[in-house]
Amino acid sequence: MSKRLLVLLTLIIMVASSSSDLSAQNRRQPPKRVDLLVLGGTIVTMDGTRRIIENGGMAVSDGRIVAIGSRGDIQSGYSARQTVSATGKLIIPGLINGHTHIPMVLFRGLADDLDLQEWLTKYIFPAEAKNVSEDFVRAGTRLGLAEMIRGGTTTYCDMYYFEDAIADETAKAGVRGVLGETLIDFPVADNKTNAEAMAYVEKFVNRWKGNDLIVPAIAPHAPYTVSEEHLKAVRAFSDRTGAPIVTHISETKPEVEESIKTKGASPVAYLERIGFLNEKVIAAHMVWPQGDDIAVLKRRGVGVVHNPQSNMKLASGVAPVPKMMSDGLFVGLGTDGAASNNDLNMWEEMDTVAKLHKVFTGDPKIISAQQAFELATIRGAQALHLAQEIGSLEKGKRADIVIIERDALNQIPLYNIYSDLVYATKASDVETVIINGRLVMRDRRLLTLNETAIRNGARIFRDRILKSLGRSDSQE
Ligand SMILES: [Zn+2]
């Protein structure tokens with residue numbers, strides 16, 4: 001044997017033995033340590049292929065999903081100090097409430113069965129002027145957060161006053177939020193002038209930027225309550241800080257007619273003209289798009305949030321959501337504030353969105369159960385410009401995970417998962433909620449909020465609010 005051949009043979013033997021060593025090591029390798037395992041159950045991933053994993057598993061570390069697959073693979077590859085068993089349950093991405101005003105839960109049922117302008121100007125604006133304080137906002141936020149966690153909502157997009165206090169309560173409760181401080185061209189509870197409001201927003205955005213849970217945002221109320229000059233300043237602020245812009249656009253027909261009369265353009269065309277629209281904007285409602293408004297919104301990458309129950313209750317109209325979806329717009333789903341809904345329940349919104357558009361178009365195929373579920377998950381994430389982080393259960397995404405029981409009478413026998421989720425599942429069927437890898441509700445017990453204290457804290461405001469409006473009781 002030549003010396004060269006000998007060297008070659010030795011090399012081959014070394015490589016072969018080291019590779020067999022490696023695979024033996026792999027077999028023997030201890031499972032990787034992670035923070036949390038979710039094992040068993042059926043995972044509805046909402047990923048690009050809408051994969052459904054029977055008897056699945058997920059490993060979570062540092063707030064993110066690090067592995068998702070079969071229960072066996074996850075169990076053998078990972079170990080954790082905390083394991084949640086989901087055997088026999090459904091596991092879904094946390095629901096996304098794309099538009100609300102969370103402290104308004106304290107106005108729930110104060111004034112109903114009115115149209116938007118009367119409801120706003122006769123009841124809501126006066127009630128807000130007399131009652132909204134930081135204490136009010138904190139108490140309402142805690143109540144709203146508890147309601148949302150119980151209903152499997154893990155992310156919400158908000159717009160209100162004292163938004164810094166809302167962010168504080170939200171972060172403490174471990175909930176994710178895109179939270180916008182409201183700007184409006186009249187004095188409000190937290191800021192009396194636009195200059196004050198802009199200074200507040202500057203501080204607010206600086207404080208929360210980069211937080212794992214809170215995305216601080218700026219929220220001009222609407223193009224009819226905020227001047228062109230102030231809207232342009234909002235856009236400049238967003239360009240400079242990267243903060244998203246949350247607003248209401250084209251909610252009612254009179255709003256659109258007034259815009260055409262006074263500005264010579266629909267609200268969307270007007271906002272386009274002044275250079276306001278871009279991929280940072282999250283626009284609630286869009287009930288009455290005109291002309292090529294939908295094409296403009298698409299071109300600018302604006303996220304639109306549909307609020308079917310609020311639009312129905314205020315008789316604002318029916319947004320052309322099926323067209324928006326087929327035209328490729330980012331569309332999500334929201335409850336709007338509880339004063340016009342009157343709850344923060346995304347299960348009802350999913351059920352309603354599917355049925356409203358069926359009856360409105362006369363076509364039962366117009367929005368399927370699966371599409372309705374998409375609106376509250378992955379499409380909702382797109383509308384909030386957060387689809388890289390949330391909206392589906394995938395490796396690398398934030399671990400916002402909801403476990404649903406399948407034993408409730410209203411869920412039996414279960415033929416189709418999306419149908420069951422959208423048309424039959426209730427908020428009360430939500431059992432366990434994980435946000436950013438942290439358990440915030442386990443087996444229906446809230447872990448980050450004190451429900452008794454929340455109830456008592458919120459009830460105090462009822463009498464105060466009635467008294468402030470010159471009403472002594474709620475029986476009128
Ligand atoms: Zn709203």
# chains A, B, ... in the order shown; residues from 1 in each chain; ligands from 1
$ residues_around --residues "Ile124 in chain A" --least-positions-apart "6" --cutoff "9 Å" --atoms "only C-alpha atoms" --output "count of residues only"
4
$ closest_atom_pairs --of "chain A" --to "ligand 1" --cutoff "7 Å" --atoms "only C-alpha atoms and all ligand atoms" --output "JSON lines"
{"residue": "A:His99", "atom": "CA", "partner": "ligand 1", "partner_atom_place_in_ligand_line": "1 (Zn)", "distance": 6.4}
{"residue": "A:Thr100", "atom": "CA", "partner": "ligand 1", "partner_atom_place_in_ligand_line": "1 (Zn)", "distance": 5.7}
{"residue": "A:His101", "atom": "CA", "partner": "ligand 1", "partner_atom_place_in_ligand_line": "1 (Zn)", "distance": 6.4}
{"residue": "A:His248", "atom": "CA", "partner": "ligand 1", "partner_atom_place_in_ligand_line": "1 (Zn)", "distance": 6.4}
{"residue": "A:Ala284", "atom": "CA", "partner": "ligand 1", "partner_atom_place_in_ligand_line": "1 (Zn)", "distance": 6.6}
{"residue": "A:Asp336", "atom": "CA", "partner": "ligand 1", "partner_atom_place_in_ligand_line": "1 (Zn)", "distance": 4.9}
{"residue": "A:Gly337", "atom": "CA", "partner": "ligand 1", "partner_atom_place_in_ligand_line": "1 (Zn)", "distance": 6.0}
$ residues_around --residues "Tyr160 in chain A" --least-positions-apart "6" --cutoff "12 Å" --atoms "only C-alpha atoms" --output "MDAnalysis selection string"
chainID A and resid 99:104 128 132:134 136:138 140:141 166:167 178:184 188:191 197 201 217:221 246:247 336:337
$ write_last_selection --atoms "N, CA, C and O atoms" --output "short mmCIF file (atom, residue, chain, number, x, y, z; two decimals), in the first residue's frame"
data_model
loop_
_atom_site.label_atom_id
_atom_site.label_comp_id
_atom_site.auth_asym_id
_atom_site.auth_seq_id
_atom_site.Cartn_x
_atom_site.Cartn_y
_atom_site.Cartn_z
N HIS A 99 -59.13 47.51 16.94
CA HIS A 99 -59.54 48.89 17.23
C HIS A 99 -60.44 48.95 18.46
O HIS A 99 -61.50 48.34 18.50
N THR A 100 -59.99 49.70 19.45
CA THR A 100 -60.85 49.94 20.60
C THR A 100 -60.42 51.21 21.32
O THR A 100 -59.47 51.88 20.92
N HIS A 101 -61.19 51.54 22.34
CA HIS A 101 -60.88 52.66 23.24
C HIS A 101 -61.11 52.04 24.61
O HIS A 101 -62.22 52.11 25.15
N ILE A 102 -60.10 51.38 25.15
CA ILE A 102 -60.32 50.44 26.25
C ILE A 102 -61.00 51.02 27.49
O ILE A 102 -61.91 50.39 28.02
N PRO A 103 -60.66 52.24 27.94
CA PRO A 103 -61.31 52.71 29.17
C PRO A 103 -62.81 52.94 29.00
O PRO A 103 -63.53 53.08 29.99
N MET A 104 -63.27 53.00 27.76
CA MET A 104 -64.71 53.25 27.53
C MET A 104 -65.59 52.11 28.01
O MET A 104 -66.81 52.23 28.00
N GLU A 128 -67.18 62.22 28.78
CA GLU A 128 -65.72 62.17 28.84
C GLU A 128 -65.17 63.45 29.48
O GLU A 128 -64.29 63.41 30.33
N VAL A 132 -63.27 61.79 32.57
CA VAL A 132 -62.01 61.12 32.24
C VAL A 132 -60.84 61.73 33.01
O VAL A 132 -60.59 62.93 32.94
N SER A 133 -60.21 60.90 33.80
CA SER A 133 -59.02 61.27 34.57
C SER A 133 -58.07 60.10 34.48
O SER A 133 -58.43 59.04 33.94
N GLU A 134 -56.90 60.26 35.03
CA GLU A 134 -55.98 59.12 34.98
C GLU A 134 -56.54 57.93 35.76
O GLU A 134 -56.40 56.78 35.32
N PHE A 136 -59.70 57.14 36.20
CA PHE A 136 -60.76 56.57 35.36
C PHE A 136 -60.15 55.65 34.31
O PHE A 136 -60.57 54.51 34.11
N VAL A 137 -59.12 56.18 33.65
CA VAL A 137 -58.49 55.44 32.56
C VAL A 137 -57.85 54.14 33.08
O VAL A 137 -57.98 53.08 32.48
N ARG A 138 -57.20 54.23 34.23
CA ARG A 138 -56.56 53.03 34.78
C ARG A 138 -57.60 51.97 35.17
O ARG A 138 -57.45 50.79 34.87
N GLY A 140 -60.68 51.63 34.04
CA GLY A 140 -61.32 51.10 32.83
C GLY A 140 -60.39 50.17 32.08
O GLY A 140 -60.82 49.13 31.56
N THR A 141 -59.13 50.53 32.03
CA THR A 141 -58.16 49.68 31.30
C THR A 141 -58.05 48.32 31.96
O THR A 141 -58.07 47.28 31.28
N ILE A 166 -52.49 53.85 30.24
CA ILE A 166 -53.01 52.63 29.61
C ILE A 166 -51.85 51.68 29.30
O ILE A 166 -51.93 50.47 29.56
N ALA A 167 -50.76 52.25 28.79
CA ALA A 167 -49.58 51.42 28.48
C ALA A 167 -49.03 50.78 29.75
O ALA A 167 -48.67 49.60 29.76
N VAL A 178 -50.89 48.04 20.65
CA VAL A 178 -50.48 49.19 19.85
C VAL A 178 -51.33 50.33 20.40
O VAL A 178 -52.55 50.35 20.22
N LEU A 179 -50.70 51.24 21.13
CA LEU A 179 -51.47 52.17 21.95
C LEU A 179 -51.23 53.60 21.48
O LEU A 179 -50.12 54.10 21.53
N GLY A 180 -52.31 54.24 21.06
CA GLY A 180 -52.19 55.57 20.47
C GLY A 180 -52.77 56.65 21.37
O GLY A 180 -53.93 56.58 21.78
N GLU A 181 -51.97 57.67 21.65
CA GLU A 181 -52.47 58.83 22.40
C GLU A 181 -53.29 59.69 21.45
O GLU A 181 -52.83 60.07 20.37
N THR A 182 -54.52 60.01 21.87
CA THR A 182 -55.44 60.75 21.00
C THR A 182 -55.08 62.22 20.89
O THR A 182 -54.78 62.88 21.88
N LEU A 183 -55.16 62.72 19.66
CA LEU A 183 -55.06 64.15 19.38
C LEU A 183 -56.40 64.59 18.81
O LEU A 183 -56.91 63.93 17.89
N ILE A 184 -56.94 65.66 19.33
CA ILE A 184 -58.21 66.17 18.81
C ILE A 184 -58.21 67.67 19.03
O ILE A 184 -57.64 68.16 20.00
N VAL A 188 -59.10 68.42 25.89
CA VAL A 188 -59.56 67.14 26.46
C VAL A 188 -58.91 66.93 27.81
O VAL A 188 -58.11 67.76 28.25
N ALA A 189 -59.26 65.80 28.43
CA ALA A 189 -58.88 65.60 29.84
C ALA A 189 -57.38 65.71 30.09
O ALA A 189 -56.96 66.30 31.08
N ASP A 190 -56.58 65.13 29.22
CA ASP A 190 -55.15 65.12 29.55
C ASP A 190 -54.37 66.27 28.92
O ASP A 190 -53.33 66.66 29.42
N ASN A 191 -54.86 66.83 27.81
CA ASN A 191 -54.14 67.92 27.16
C ASN A 191 -55.11 68.98 26.66
O ASN A 191 -56.11 68.65 26.02
N ALA A 197 -50.51 68.26 23.66
CA ALA A 197 -50.71 66.86 23.22
C ALA A 197 -49.47 66.34 22.48
O ALA A 197 -49.04 65.20 22.69
N VAL A 201 -47.18 63.18 23.55
CA VAL A 201 -46.91 62.05 22.66
C VAL A 201 -45.41 61.81 22.53
O VAL A 201 -44.94 60.67 22.52
N ALA A 217 -48.06 54.72 19.89
CA ALA A 217 -48.53 55.28 18.62
C ALA A 217 -49.13 56.66 18.85
O ALA A 217 -49.41 57.06 19.98
N ILE A 218 -49.34 57.37 17.75
CA ILE A 218 -49.99 58.69 17.80
C ILE A 218 -51.35 58.55 17.12
O ILE A 218 -51.46 57.89 16.09
N ALA A 219 -52.39 59.13 17.73
CA ALA A 219 -53.74 58.84 17.24
C ALA A 219 -54.59 60.09 17.02
O ALA A 219 -55.40 60.47 17.87
N PRO A 220 -54.41 60.74 15.86
CA PRO A 220 -55.33 61.85 15.54
C PRO A 220 -56.74 61.28 15.39
O PRO A 220 -56.93 60.31 14.66
N HIS A 221 -57.73 61.87 16.07
CA HIS A 221 -59.05 61.26 16.15
C HIS A 221 -59.67 60.96 14.79
O HIS A 221 -60.11 59.85 14.53
N VAL A 246 -52.71 55.86 14.43
CA VAL A 246 -54.02 55.22 14.56
C VAL A 246 -55.09 56.29 14.38
O VAL A 246 -55.02 57.35 15.00
N THR A 247 -56.07 56.04 13.53
CA THR A 247 -57.10 57.06 13.30
C THR A 247 -58.42 56.43 12.85
O THR A 247 -58.49 55.23 12.61
N ASP A 336 -64.17 48.17 18.48
CA ASP A 336 -64.39 49.57 18.80
C ASP A 336 -64.60 49.68 20.31
O ASP A 336 -64.55 48.67 21.02
N GLY A 337 -64.83 50.87 20.81
CA GLY A 337 -65.01 51.03 22.26
C GLY A 337 -66.26 50.32 22.74
O GLY A 337 -67.23 50.16 21.99
#
$ residues_around --residues "Ser316 in chain A" --least-positions-apart "3" --cutoff "8 Å" --atoms "only C-alpha atoms" --output "ChimeraX atom specification"
/A:115-116,251-253,287,311-313
$ write_last_selection --atoms "all heavy atoms" --output "compact mmCIF listing (two decimals), in the first residue's frame"
# COMPACT_ATOMS: atom_id res chain seq x y z
N ASP A 115 -77.66 57.50 16.77
CA ASP A 115 -76.68 57.54 15.67
C ASP A 115 -75.39 58.20 16.15
O ASP A 115 -75.35 58.82 17.21
CB ASP A 115 -77.24 58.17 14.40
CG ASP A 115 -77.50 59.65 14.52
OD1 ASP A 115 -76.65 60.34 15.13
OD2 ASP A 115 -78.54 60.11 14.03
N LEU A 116 -74.32 58.03 15.38
CA LEU A 116 -72.98 58.39 15.85
C LEU A 116 -72.89 59.82 16.35
O LEU A 116 -72.37 60.08 17.43
CB LEU A 116 -71.93 58.14 14.75
CG LEU A 116 -70.49 58.52 15.15
CD1 LEU A 116 -69.92 57.60 16.19
CD2 LEU A 116 -69.58 58.55 13.93
N GLU A 251 -66.10 56.85 8.63
CA GLU A 251 -66.95 55.99 9.47
C GLU A 251 -68.43 56.12 9.08
O GLU A 251 -69.15 55.13 9.10
CB GLU A 251 -66.76 56.35 10.95
CG GLU A 251 -67.59 55.48 11.91
CD GLU A 251 -67.24 55.69 13.38
OE1 GLU A 251 -66.33 56.49 13.67
OE2 GLU A 251 -67.89 55.06 14.23
N THR A 252 -68.85 57.35 8.74
CA THR A 252 -70.27 57.53 8.42
C THR A 252 -70.42 58.23 7.07
O THR A 252 -69.51 58.90 6.59
CB THR A 252 -70.98 58.41 9.48
OG1 THR A 252 -70.41 59.72 9.45
CG2 THR A 252 -70.86 57.81 10.87
N LYS A 253 -71.62 58.12 6.52
CA LYS A 253 -71.92 58.77 5.24
C LYS A 253 -71.87 60.30 5.36
O LYS A 253 -71.26 60.96 4.52
CB LYS A 253 -73.30 58.31 4.75
CG LYS A 253 -73.42 58.33 3.26
CD LYS A 253 -74.73 57.69 2.85
CE LYS A 253 -74.90 57.76 1.35
NZ LYS A 253 -76.22 57.23 0.95
N VAL A 287 -66.00 52.65 6.30
CA VAL A 287 -67.31 52.12 5.90
C VAL A 287 -67.69 52.63 4.51
O VAL A 287 -68.35 51.94 3.74
CB VAL A 287 -68.38 52.51 6.94
CG1 VAL A 287 -69.75 52.01 6.52
CG2 VAL A 287 -68.02 51.94 8.32
N ASN A 311 -70.37 49.33 13.90
CA ASN A 311 -70.98 49.93 12.70
C ASN A 311 -72.46 49.58 12.61
O ASN A 311 -73.28 50.40 12.18
CB ASN A 311 -70.28 49.47 11.42
CG ASN A 311 -68.83 49.92 11.31
OD1 ASN A 311 -68.04 49.35 10.57
ND2 ASN A 311 -68.46 50.95 12.07
N MET A 312 -72.82 48.38 13.02
CA MET A 312 -74.23 47.97 13.01
C MET A 312 -75.01 48.73 14.08
O MET A 312 -76.10 49.23 13.83
CB MET A 312 -74.34 46.46 13.27
CG MET A 312 -73.88 45.61 12.11
SD MET A 312 -73.57 43.88 12.60
CE MET A 312 -75.24 43.29 12.84
N LYS A 313 -74.43 48.84 15.27
CA LYS A 313 -75.15 49.42 16.39
C LYS A 313 -75.41 50.91 16.17
O LYS A 313 -76.47 51.43 16.51
CB LYS A 313 -74.35 49.20 17.68
CG LYS A 313 -75.06 49.66 18.93
CD LYS A 313 -74.58 48.89 20.14
CE LYS A 313 -75.26 49.39 21.40
NZ LYS A 313 -74.65 50.59 21.95
$ atom_distance --atom1 "CA of Ala424 in chain A" --atom2 "CA of Ile401 in chain A"
19.7 Å
$ atom_distance --atom1 "CA of Ala269 in chain A" --atom2 "CA of Val296 in chain A"
7.9 Å
$ select_by_dssp --residues "range 36-171 of chain A" --states "strand (DSSP E)" --output "JSON, numbers by chain"
{"A": [36, 37, 38, 39, 42, 43, 44, 52, 53, 56, 57, 58, 59, 60, 61, 64, 65, 66, 67, 68, 69, 70, 78, 79, 80, 81, 82, 83, 84, 85, 90, 91, 92, 93, 95, 96, 97, 98, 99, 100, 153, 154, 155, 156, 157, 158, 159, 160]}
$ write_last_selection --atoms "C-alpha atoms" --output "compact mmCIF listing (two decimals), in the first residue's frame"
# COMPACT_ATOMS: atom_id res chain seq x y z
CA LEU A 36 -42.13 26.84 28.38
CA LEU A 37 -43.57 23.85 26.53
CA VAL A 38 -47.12 23.50 25.23
CA LEU A 39 -47.77 19.82 24.57
CA THR A 42 -54.57 20.49 17.85
CA ILE A 43 -52.58 23.54 16.77
CA VAL A 44 -54.29 25.89 14.33
CA ILE A 52 -53.11 22.28 11.34
CA ILE A 53 -51.01 20.03 13.58
CA GLY A 56 -48.71 19.07 18.37
CA GLY A 57 -46.19 20.81 20.54
CA MET A 58 -44.43 24.14 20.88
CA ALA A 59 -41.26 25.24 22.64
CA VAL A 60 -41.09 28.83 23.85
CA SER A 61 -38.05 30.80 24.94
CA ARG A 64 -40.82 33.60 21.18
CA ILE A 65 -41.79 30.28 19.65
CA VAL A 66 -38.47 28.49 19.07
CA ALA A 67 -39.95 25.25 17.75
CA ILE A 68 -43.34 23.98 16.62
CA GLY A 69 -44.17 20.50 15.41
CA SER A 70 -45.37 17.13 16.60
CA TYR A 78 -36.76 20.30 24.56
CA SER A 79 -37.25 20.49 28.27
CA ALA A 80 -38.65 23.38 30.29
CA ARG A 81 -39.37 24.36 33.83
CA GLN A 82 -43.00 24.95 32.88
CA THR A 83 -45.19 22.70 30.74
CA VAL A 84 -48.78 23.37 29.75
CA SER A 85 -50.74 20.32 28.68
CA LEU A 90 -57.48 23.60 20.38
CA ILE A 91 -54.45 25.89 20.30
CA ILE A 92 -54.78 29.10 18.30
CA PRO A 93 -52.80 32.30 17.82
CA LEU A 95 -56.79 37.08 18.88
CA ILE A 96 -56.10 40.64 17.73
CA ASN A 97 -58.59 43.38 18.55
CA GLY A 98 -57.62 45.91 15.89
CA HIS A 99 -59.54 48.89 17.23
CA THR A 100 -60.85 49.94 20.60
CA THR A 153 -57.40 38.55 22.95
CA THR A 154 -53.64 38.96 23.29
CA THR A 155 -53.08 42.14 21.24
CA TYR A 156 -55.25 45.23 20.98
CA CYS A 157 -54.96 48.53 19.19
CA ASP A 158 -56.15 51.44 21.29
CA MET A 159 -56.78 55.14 20.99
CA TYR A 160 -57.64 57.22 24.06
$ residues_around --residues "range 455-472 of chain A" --least-positions-apart "5" --cutoff "8 Å" --atoms "only C-alpha atoms" --output "list of chain:residue names"
A:Leu106, A:Pro126, A:Ala127, A:Lys130, A:Asn131, A:Phe136, A:Ala139, A:Gly140, A:Leu143
$ select_by_dssp --residues "range 70-146 of chain A" --states "alpha helix (DSSP H)" --output "ChimeraX atom specification"
/A:71-77,116-118,125-131,134-146
$ write_last_selection --atoms "C-alpha atoms" --output "mmCIF file, in the first residue's frame"
data_model
loop_
_atom_site.group_PDB
_atom_site.id
_atom_site.type_symbol
_atom_site.label_atom_id
_atom_site.label_comp_id
_atom_site.auth_asym_id
_atom_site.auth_seq_id
_atom_site.Cartn_x
_atom_site.Cartn_y
_atom_site.Cartn_z
ATOM 1 C CA ARG A 71 -45.680 16.565 20.297
ATOM 2 C CA GLY A 72 -43.097 13.752 20.074
ATOM 3 C CA ASP A 73 -40.443 15.902 18.406
ATOM 4 C CA ILE A 74 -40.913 18.808 20.783
ATOM 5 C CA GLN A 75 -40.987 16.566 23.834
ATOM 6 C CA SER A 76 -37.774 14.752 22.894
ATOM 7 C CA GLY A 77 -35.926 17.866 21.755
ATOM 8 C CA LEU A 116 -72.979 58.390 15.854
ATOM 9 C CA GLN A 117 -73.184 62.204 15.934
ATOM 10 C CA GLU A 118 -75.957 62.350 18.556
ATOM 11 C CA PHE A 125 -68.036 63.809 24.635
ATOM 12 C CA PRO A 126 -69.824 65.422 27.676
ATOM 13 C CA ALA A 127 -69.383 62.264 29.772
ATOM 14 C CA GLU A 128 -65.716 62.174 28.840
ATOM 15 C CA ALA A 129 -65.230 65.883 29.566
ATOM 16 C CA LYS A 130 -66.645 65.432 33.069
ATOM 17 C CA ASN A 131 -65.174 62.077 34.028
ATOM 18 C CA GLU A 134 -55.977 59.125 34.977
ATOM 19 C CA ASP A 135 -57.790 57.093 37.675
ATOM 20 C CA PHE A 136 -60.763 56.566 35.365
ATOM 21 C CA VAL A 137 -58.486 55.438 32.558
ATOM 22 C CA ARG A 138 -56.562 53.026 34.781
ATOM 23 C CA ALA A 139 -59.710 51.464 36.265
ATOM 24 C CA GLY A 140 -61.315 51.101 32.834
ATOM 25 C CA THR A 141 -58.159 49.685 31.304
ATOM 26 C CA ARG A 142 -57.842 47.004 33.975
ATOM 27 C CA LEU A 143 -61.477 46.001 33.475
ATOM 28 C CA GLY A 144 -61.036 45.897 29.712
ATOM 29 C CA LEU A 145 -57.799 43.924 29.953
ATOM 30 C CA ALA A 146 -59.407 41.292 32.166
#
$ closest_residue --among "A:Asn55, A:Thr87, A:Gln309, A:Gln371" --to "Pro322 in chain A" --atoms "only C-alpha atoms"
A:Gln371
$ closest_residue --among "A:Asp400, A:Glu258, A:Asp407, A:Asp164" --to "Ile149 in chain A" --atoms "only C-alpha atoms"
A:Asp400
$ atom_distance --atom1 "CA of Glu389 in chain A" --atom2 "CA of Glu169 in chain A"
21.7 Å
$ residues_around --residues "Gly174 in chain A" --least-positions-apart "4" --cutoff "10 Å" --atoms "only C-alpha atoms" --output "ChimeraX atom specification"
/A:145,149,154,168-170,212-214,434-440,447-449
$ residues_around --residues "Gly303 in chain A" --least-positions-apart "5" --cutoff "7 Å" --atoms "only C-alpha atoms" --output "list of chain:residue names"
A:Val281, A:Ile282, A:Ala283, A:Phe330, A:Val331, A:Ala383, A:Leu384
$ write_last_selection --atoms "N, CA, C and O atoms" --output "compact mmCIF listing (two decimals), in the first residue's frame"
# COMPACT_ATOMS: atom_id res chain seq x y z
N VAL A 281 -50.01 53.86 8.83
CA VAL A 281 -51.36 54.27 9.22
C VAL A 281 -52.25 53.04 9.46
O VAL A 281 -52.25 52.09 8.68
N ILE A 282 -53.00 53.09 10.57
CA ILE A 282 -54.00 52.07 10.89
C ILE A 282 -55.33 52.81 10.95
O ILE A 282 -55.54 53.64 11.83
N ALA A 283 -56.22 52.53 9.98
CA ALA A 283 -57.46 53.30 9.84
C ALA A 283 -58.66 52.47 10.25
O ALA A 283 -58.95 51.44 9.64
N PHE A 330 -54.78 45.25 3.60
CA PHE A 330 -54.58 44.68 4.93
C PHE A 330 -55.82 45.01 5.76
O PHE A 330 -56.03 46.17 6.11
N VAL A 331 -56.64 44.01 6.05
CA VAL A 331 -57.87 44.26 6.81
C VAL A 331 -57.87 43.43 8.08
O VAL A 331 -57.60 42.23 8.05
N ALA A 383 -52.94 44.22 9.39
CA ALA A 383 -53.57 45.55 9.48
C ALA A 383 -52.84 46.43 10.50
O ALA A 383 -52.81 47.65 10.34
N LEU A 384 -52.27 45.81 11.53
CA LEU A 384 -51.52 46.58 12.54
C LEU A 384 -50.03 46.69 12.17
O LEU A 384 -49.23 47.19 12.96
$ closest_residue --among "A:Val422, A:Ala171, A:Val268, A:Val305" --to "Met350 in chain A" --atoms "only C-alpha atoms"
A:Val422
$ closest_residue --among "A:Lys397, A:Lys209, A:Leu271, A:Trp288" --to "Val226 in chain A" --atoms "only C-alpha atoms"
A:Leu271
